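Only one structure is covered here, and it is reproduced in the block below.
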Amino acid sequence: MKITTVLFDLDGTLLPMDQDKFVNAYFKLLAKKLIPHGYSDPDQLVAAIWTGTKAMVQNDGSQTNEHVFWKKFCEIYGEKALQDEPIFASYYANEFSGVQSVCGYTPDAAKVVRLVKEKGMRAVLATNPIFPAIATESRIRWAGLDASDFELYTTYENINYCKPNLNYYGEILNRLQVTPEECLMVGNDVGEDMVAKELGINVFLLTDCIINKNEADISAFPHGGFEQLIQCIETL
């Protein structure tokens, strides 16, 4: 079946990065922002956000990831924490930009998305929706792209599952009204992105910033760097 839709991961795919460096920079700047607002223990704050993130990953689809995160966060800090949501929003609008310094950049990211659209295919940003839209839109710009380049980009506000839950991919397919066979998922994480293959989605593993926690045999997937990815897209 002809490929009509290409799903792209963001972090480590269109936006090159070392995930550990990204996470460390993200938490360092977030803690600095929140300490004056009553979050005096950075370790507790980081643990609370990881707990909220885990809850999103385990989301059963009954509510948005945003709702799940804040529900869990408020179990730790109390309902008053909801009043601090604008502070988090301010962080993403301002201090979060400092995290860009630990990320990479490649013009091939915009090149491959542009190629997809030139060939008449639909471009979708299937980034793990654990961040609010404002943070995702920033990371899209860091990659040399614009949110308008994508027909859909997943955020914690607009979707009810996370990777590697197959329902995450299923929800995207349902929204776009496409079959798995007409889609291609491009990502760098063997465990979170290549799992799409189990639904019948075609996959391409971008190896520039590969994450392969279980040391799986990647020969099972078409793979390579941006040069190979672009060649793959050109043949579709």
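Residues are referred to by chain and number: the chain letter is A, B, ... according to the order shown in the structure tokens, the number counts from 1 in that chain, and ligands are numbered separately from 1 in the order shown.
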
Considering only C-alpha atoms, return as a compact mmCIF listing (two decimals) with N, CA, C and O atoms, in the first residue's frame whatever protein or nucleic-acid residues lie within 8 Å of stretch 173-188 of chain A, sequence-local ones (same chain, fewer than 6 positions apart) excluded.
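Output contents, as saved in out32.txt:
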# COMPACT_ATOMS: atom_id res chain seq x y z
N MET A 1 0.84 -1.20 0.00
CA MET A 1 0.00 0.00 0.00
C MET A 1 0.88 1.25 0.00
O MET A 1 1.92 1.29 0.66
N LYS A 2 0.47 2.25 -0.74
CA LYS A 2 1.23 3.50 -0.84
C LYS A 2 1.25 4.23 0.51
O LYS A 2 0.24 4.32 1.19
N ILE A 3 2.42 4.75 0.88
CA ILE A 3 2.54 5.53 2.10
C ILE A 3 1.95 6.91 1.87
O ILE A 3 2.33 7.62 0.94
N THR A 4 1.01 7.29 2.72
CA THR A 4 0.38 8.61 2.61
C THR A 4 0.75 9.53 3.78
O THR A 4 0.56 10.74 3.68
N THR A 5 1.25 8.94 4.87
CA THR A 5 1.45 9.70 6.11
C THR A 5 2.75 9.29 6.78
O THR A 5 3.01 8.10 6.96
N VAL A 6 3.57 10.28 7.14
CA VAL A 6 4.82 10.00 7.84
C VAL A 6 4.76 10.61 9.23
O VAL A 6 4.50 11.81 9.39
N LEU A 7 4.97 9.76 10.23
CA LEU A 7 4.98 10.19 11.62
C LEU A 7 6.44 10.34 12.06
O LEU A 7 7.24 9.41 11.90
N PHE A 8 6.77 11.49 12.60
CA PHE A 8 8.13 11.76 13.06
C PHE A 8 8.17 11.89 14.58
O PHE A 8 7.36 12.62 15.17
N ASP A 9 9.12 11.24 15.19
CA ASP A 9 9.47 11.54 16.57
C ASP A 9 10.24 12.86 16.56
O ASP A 9 10.72 13.31 15.51
N LEU A 10 10.37 13.50 17.71
CA LEU A 10 11.07 14.78 17.80
C LEU A 10 12.41 14.66 18.52
O LEU A 10 13.46 14.81 17.91
N GLY A 12 15.71 13.57 19.73
CA GLY A 12 16.66 12.55 19.30
C GLY A 12 16.44 12.12 17.86
O GLY A 12 17.22 11.34 17.32
N THR A 13 15.40 12.64 17.24
CA THR A 13 15.11 12.33 15.83
C THR A 13 15.25 13.61 15.02
O THR A 13 16.31 13.89 14.48
N MET A 194 9.78 2.01 17.47
CA MET A 194 9.69 0.84 16.59
C MET A 194 8.54 -0.09 16.99
O MET A 194 8.11 -0.94 16.21
N ALA A 196 5.64 0.65 16.98
CA ALA A 196 4.55 0.93 16.05
C ALA A 196 4.40 -0.17 15.01
O ALA A 196 3.31 -0.37 14.46
N LEU A 199 1.56 -2.70 15.15
CA LEU A 199 0.23 -2.34 14.64
C LEU A 199 0.15 -2.49 13.13
O LEU A 199 -0.92 -2.32 12.54
N GLY A 200 1.28 -2.76 12.51
CA GLY A 200 1.32 -2.83 11.05
C GLY A 200 1.82 -1.55 10.41
O GLY A 200 1.81 -1.42 9.17
N ILE A 201 2.28 -0.60 11.24
CA ILE A 201 2.85 0.64 10.73
C ILE A 201 4.27 0.36 10.23
O ILE A 201 5.04 -0.34 10.90
N ASN A 202 4.61 0.89 9.07
CA ASN A 202 5.98 0.81 8.57
C ASN A 202 6.87 1.66 9.47
O ASN A 202 6.43 2.69 10.00
N VAL A 203 8.13 1.28 9.64
CA VAL A 203 9.02 2.01 10.53
C VAL A 203 10.37 2.26 9.88
O VAL A 203 10.79 1.53 8.98
N PHE A 204 11.04 3.30 10.37
CA PHE A 204 12.43 3.58 10.03
C PHE A 204 13.12 4.04 11.30
O PHE A 204 12.68 5.01 11.93
N LEU A 205 14.20 3.36 11.67
CA LEU A 205 14.95 3.70 12.89
C LEU A 205 16.10 4.63 12.53
O LEU A 205 17.03 4.24 11.82
N LEU A 206 16.00 5.88 13.00
CA LEU A 206 17.07 6.85 12.77
C LEU A 206 18.14 6.63 13.84
O LEU A 206 17.87 6.75 15.04
N THR A 207 19.35 6.32 13.42
CA THR A 207 20.37 5.84 14.35
C THR A 207 21.32 6.92 14.85
O THR A 207 22.21 6.64 15.65
N ASP A 208 21.16 8.17 14.41
CA ASP A 208 22.10 9.23 14.82
C ASP A 208 22.15 9.39 16.33
O ASP A 208 23.23 9.59 16.91
N CYS A 209 20.99 9.35 16.98
CA CYS A 209 20.91 9.47 18.45
C CYS A 209 20.12 8.27 18.99
O CYS A 209 19.22 8.43 19.82
N ILE A 210 20.47 7.09 18.54
CA ILE A 210 19.69 5.91 18.84
C ILE A 210 19.60 5.63 20.34
O ILE A 210 20.55 5.84 21.09
N ILE A 211 18.41 5.20 20.77
CA ILE A 211 18.18 4.71 22.13
C ILE A 211 17.72 3.26 22.00
O ILE A 211 16.70 2.99 21.36

Pull the closest atom pair for each residue of stretch 102-123 of chain A that gets at most 12 Å from stretch 213-227 of chain A, along with the distance in Å to one decimal, counting only C-alpha atoms, ordering rows by chain and then ascending residue number, as JSON lines.
{"residue": "A:Thr106", "atom": "CA", "partner": "A:Phe226", "partner_atom": "CA", "distance": 9.3}
{"residue": "A:Pro107", "atom": "CA", "partner": "A:Phe226", "partner_atom": "CA", "distance": 10.0}
{"residue": "A:Asp108", "atom": "CA", "partner": "A:Phe226", "partner_atom": "CA", "distance": 6.6}
{"residue": "A:Ala109", "atom": "CA", "partner": "A:Phe226", "partner_atom": "CA", "distance": 8.0}
{"residue": "A:Ala110", "atom": "CA", "partner": "A:Phe226", "partner_atom": "CA", "distance": 11.0}
{"residue": "A:Lys111", "atom": "CA", "partner": "A:Phe226", "partner_atom": "CA", "distance": 9.6}
{"residue": "A:Val112", "atom": "CA", "partner": "A:Phe226", "partner_atom": "CA", "distance": 8.1}
{"residue": "A:Val113", "atom": "CA", "partner": "A:Phe226", "partner_atom": "CA", "distance": 11.4}

At a cut-off of 12 Å, using only C-alpha atoms, what residues contact stretch 67-80 of chain A? Leave out same-chain residues fewer than 4 positions from it and give the result as a ChimeraX atom specification.
/A:37-41,44-63,84-85,88,129-132,156-162

So which residues of stretch 4-187 of chain A fall under strand (DSSP E) by DSSP, listed as number ranges by chain?
A: 5-8, 122-125, 152-153, 183-187

Using backbone DSSP assignments, extract all helix (DSSP H, G or I) residues from stretch 1-222 of chain A; output them as a PyMOL selection string.
chain A and resi 19-37+42-57+65-77+79-93+95-102+107-118+133-142+147-149+166-176+180-182+194-199+218-220

Would you mind exporting C-alpha atoms of the selected residues as a compact mmCIF listing (two decimals), in the first residue's frame?
# COMPACT_ATOMS: atom_id res chain seq x y z
CA GLN A 19 18.63 12.58 26.41
CA ASP A 20 20.47 12.61 29.76
CA LYS A 21 21.93 16.07 29.11
CA PHE A 22 18.51 17.34 28.05
CA VAL A 23 16.80 16.00 31.18
CA ASN A 24 19.50 17.39 33.49
CA ALA A 25 19.33 20.87 31.94
CA TYR A 26 15.53 20.81 31.96
CA PHE A 27 15.28 19.98 35.66
CA LYS A 28 18.07 22.36 36.69
CA LEU A 29 16.33 25.35 35.12
CA LEU A 30 12.87 24.27 36.29
CA ALA A 31 14.02 23.88 39.90
CA LYS A 32 15.66 27.31 39.80
CA LYS A 33 12.38 28.79 38.56
CA LEU A 34 10.21 27.10 41.20
CA ILE A 35 12.35 27.34 44.35
CA PRO A 36 11.15 30.91 45.10
CA HIS A 37 7.55 29.71 44.83
CA PRO A 42 14.69 20.29 44.20
CA ASP A 43 14.97 16.53 44.72
CA GLN A 44 11.34 16.31 45.83
CA LEU A 45 10.28 18.41 42.83
CA VAL A 46 12.16 16.22 40.36
CA ALA A 47 10.74 13.07 41.97
CA ALA A 48 7.22 14.51 41.78
CA ILE A 49 7.55 15.32 38.08
CA TRP A 50 8.91 11.84 37.36
CA THR A 51 5.96 10.39 39.28
CA GLY A 52 3.58 12.49 37.20
CA THR A 53 5.36 11.41 34.03
CA LYS A 54 5.06 7.75 35.00
CA ALA A 55 1.34 8.28 35.55
CA MET A 56 1.03 9.69 32.03
CA VAL A 57 2.89 6.72 30.57
CA ASN A 65 -2.22 13.22 29.90
CA GLU A 66 -2.42 16.78 31.20
CA HIS A 67 -5.19 15.82 33.62
CA VAL A 68 -3.33 12.70 34.72
CA PHE A 69 -0.12 14.62 35.38
CA TRP A 70 -1.70 17.35 37.47
CA LYS A 71 -3.80 14.89 39.42
CA LYS A 72 -0.69 13.00 40.45
CA PHE A 73 1.32 16.18 41.07
CA CYS A 74 -1.43 17.49 43.36
CA GLU A 75 -1.45 14.22 45.30
CA ILE A 76 2.11 15.11 46.28
CA TYR A 77 1.90 18.88 46.76
CA GLU A 79 -4.55 20.95 45.37
CA LYS A 80 -2.95 24.37 45.87
CA ALA A 81 -0.31 23.28 43.35
CA LEU A 82 -2.86 23.83 40.58
CA GLN A 83 -2.58 27.55 41.28
CA ASP A 84 1.08 27.31 40.25
CA GLU A 85 0.31 26.11 36.72
CA PRO A 86 0.93 29.66 35.34
CA ILE A 87 4.43 29.52 36.84
CA PHE A 88 5.13 26.34 34.90
CA ALA A 89 3.74 28.01 31.79
CA SER A 90 6.04 30.98 32.37
CA TYR A 91 8.99 28.59 32.67
CA TYR A 92 8.20 27.02 29.30
CA ALA A 93 7.73 30.45 27.72
CA GLU A 95 13.64 29.81 30.98
CA PHE A 96 13.03 26.61 29.03
CA SER A 97 14.77 28.21 26.06
CA GLY A 98 18.05 27.70 27.94
CA VAL A 99 17.72 23.95 27.42
CA GLN A 100 18.30 24.45 23.69
CA SER A 101 22.02 24.87 24.40
CA VAL A 102 22.39 21.14 25.15
CA PRO A 107 19.25 21.10 8.56
CA ASP A 108 18.32 17.60 7.41
CA ALA A 109 15.36 17.68 9.81
CA ALA A 110 13.61 20.44 7.90
CA LYS A 111 14.80 18.92 4.62
CA VAL A 112 13.13 15.56 5.25
CA VAL A 113 9.86 17.08 6.47
CA ARG A 114 9.81 19.37 3.44
CA LEU A 115 10.44 16.36 1.18
CA VAL A 116 7.49 14.51 2.71
CA LYS A 117 5.18 17.41 2.00
CA GLU A 118 6.55 17.99 -1.50
CA ALA A 133 2.10 22.38 23.68
CA ILE A 134 4.18 25.45 24.49
CA ALA A 135 7.23 23.27 25.24
CA THR A 136 6.68 21.09 22.18
CA GLU A 137 6.35 24.12 19.92
CA SER A 138 9.65 25.46 21.27
CA ARG A 139 11.45 22.18 20.56
CA ILE A 140 9.97 22.14 17.06
CA ARG A 141 11.53 25.57 16.45
CA TRP A 142 14.86 24.40 17.86
CA ALA A 147 4.37 23.77 14.30
CA SER A 148 2.47 24.57 11.11
CA ASP A 149 4.70 22.09 9.25
CA LEU A 166 0.14 0.96 21.12
CA ASN A 167 -3.06 2.90 21.84
CA TYR A 168 -0.99 6.09 21.41
CA TYR A 169 -0.39 5.21 17.78
CA GLY A 170 -3.93 3.93 17.43
CA GLU A 171 -5.31 7.27 18.58
CA ILE A 172 -3.25 9.09 15.94
CA LEU A 173 -4.46 6.73 13.22
CA ASN A 174 -8.06 7.24 14.28
CA ARG A 175 -7.76 11.01 14.23
CA LEU A 176 -6.18 11.03 10.79
CA PRO A 180 -1.40 1.43 9.69
CA GLU A 181 -0.17 0.15 6.33
CA GLU A 182 -0.21 3.62 4.76
CA MET A 194 9.69 0.84 16.59
CA VAL A 195 6.84 -0.69 18.63
CA ALA A 196 4.55 0.93 16.05
CA LYS A 197 5.45 -1.97 13.79
CA GLU A 198 3.27 -4.22 15.96
CA LEU A 199 0.23 -2.34 14.64
CA ILE A 218 17.97 -3.47 14.99
CA SER A 219 18.45 -5.47 11.79
CA ALA A 220 14.71 -6.14 12.06
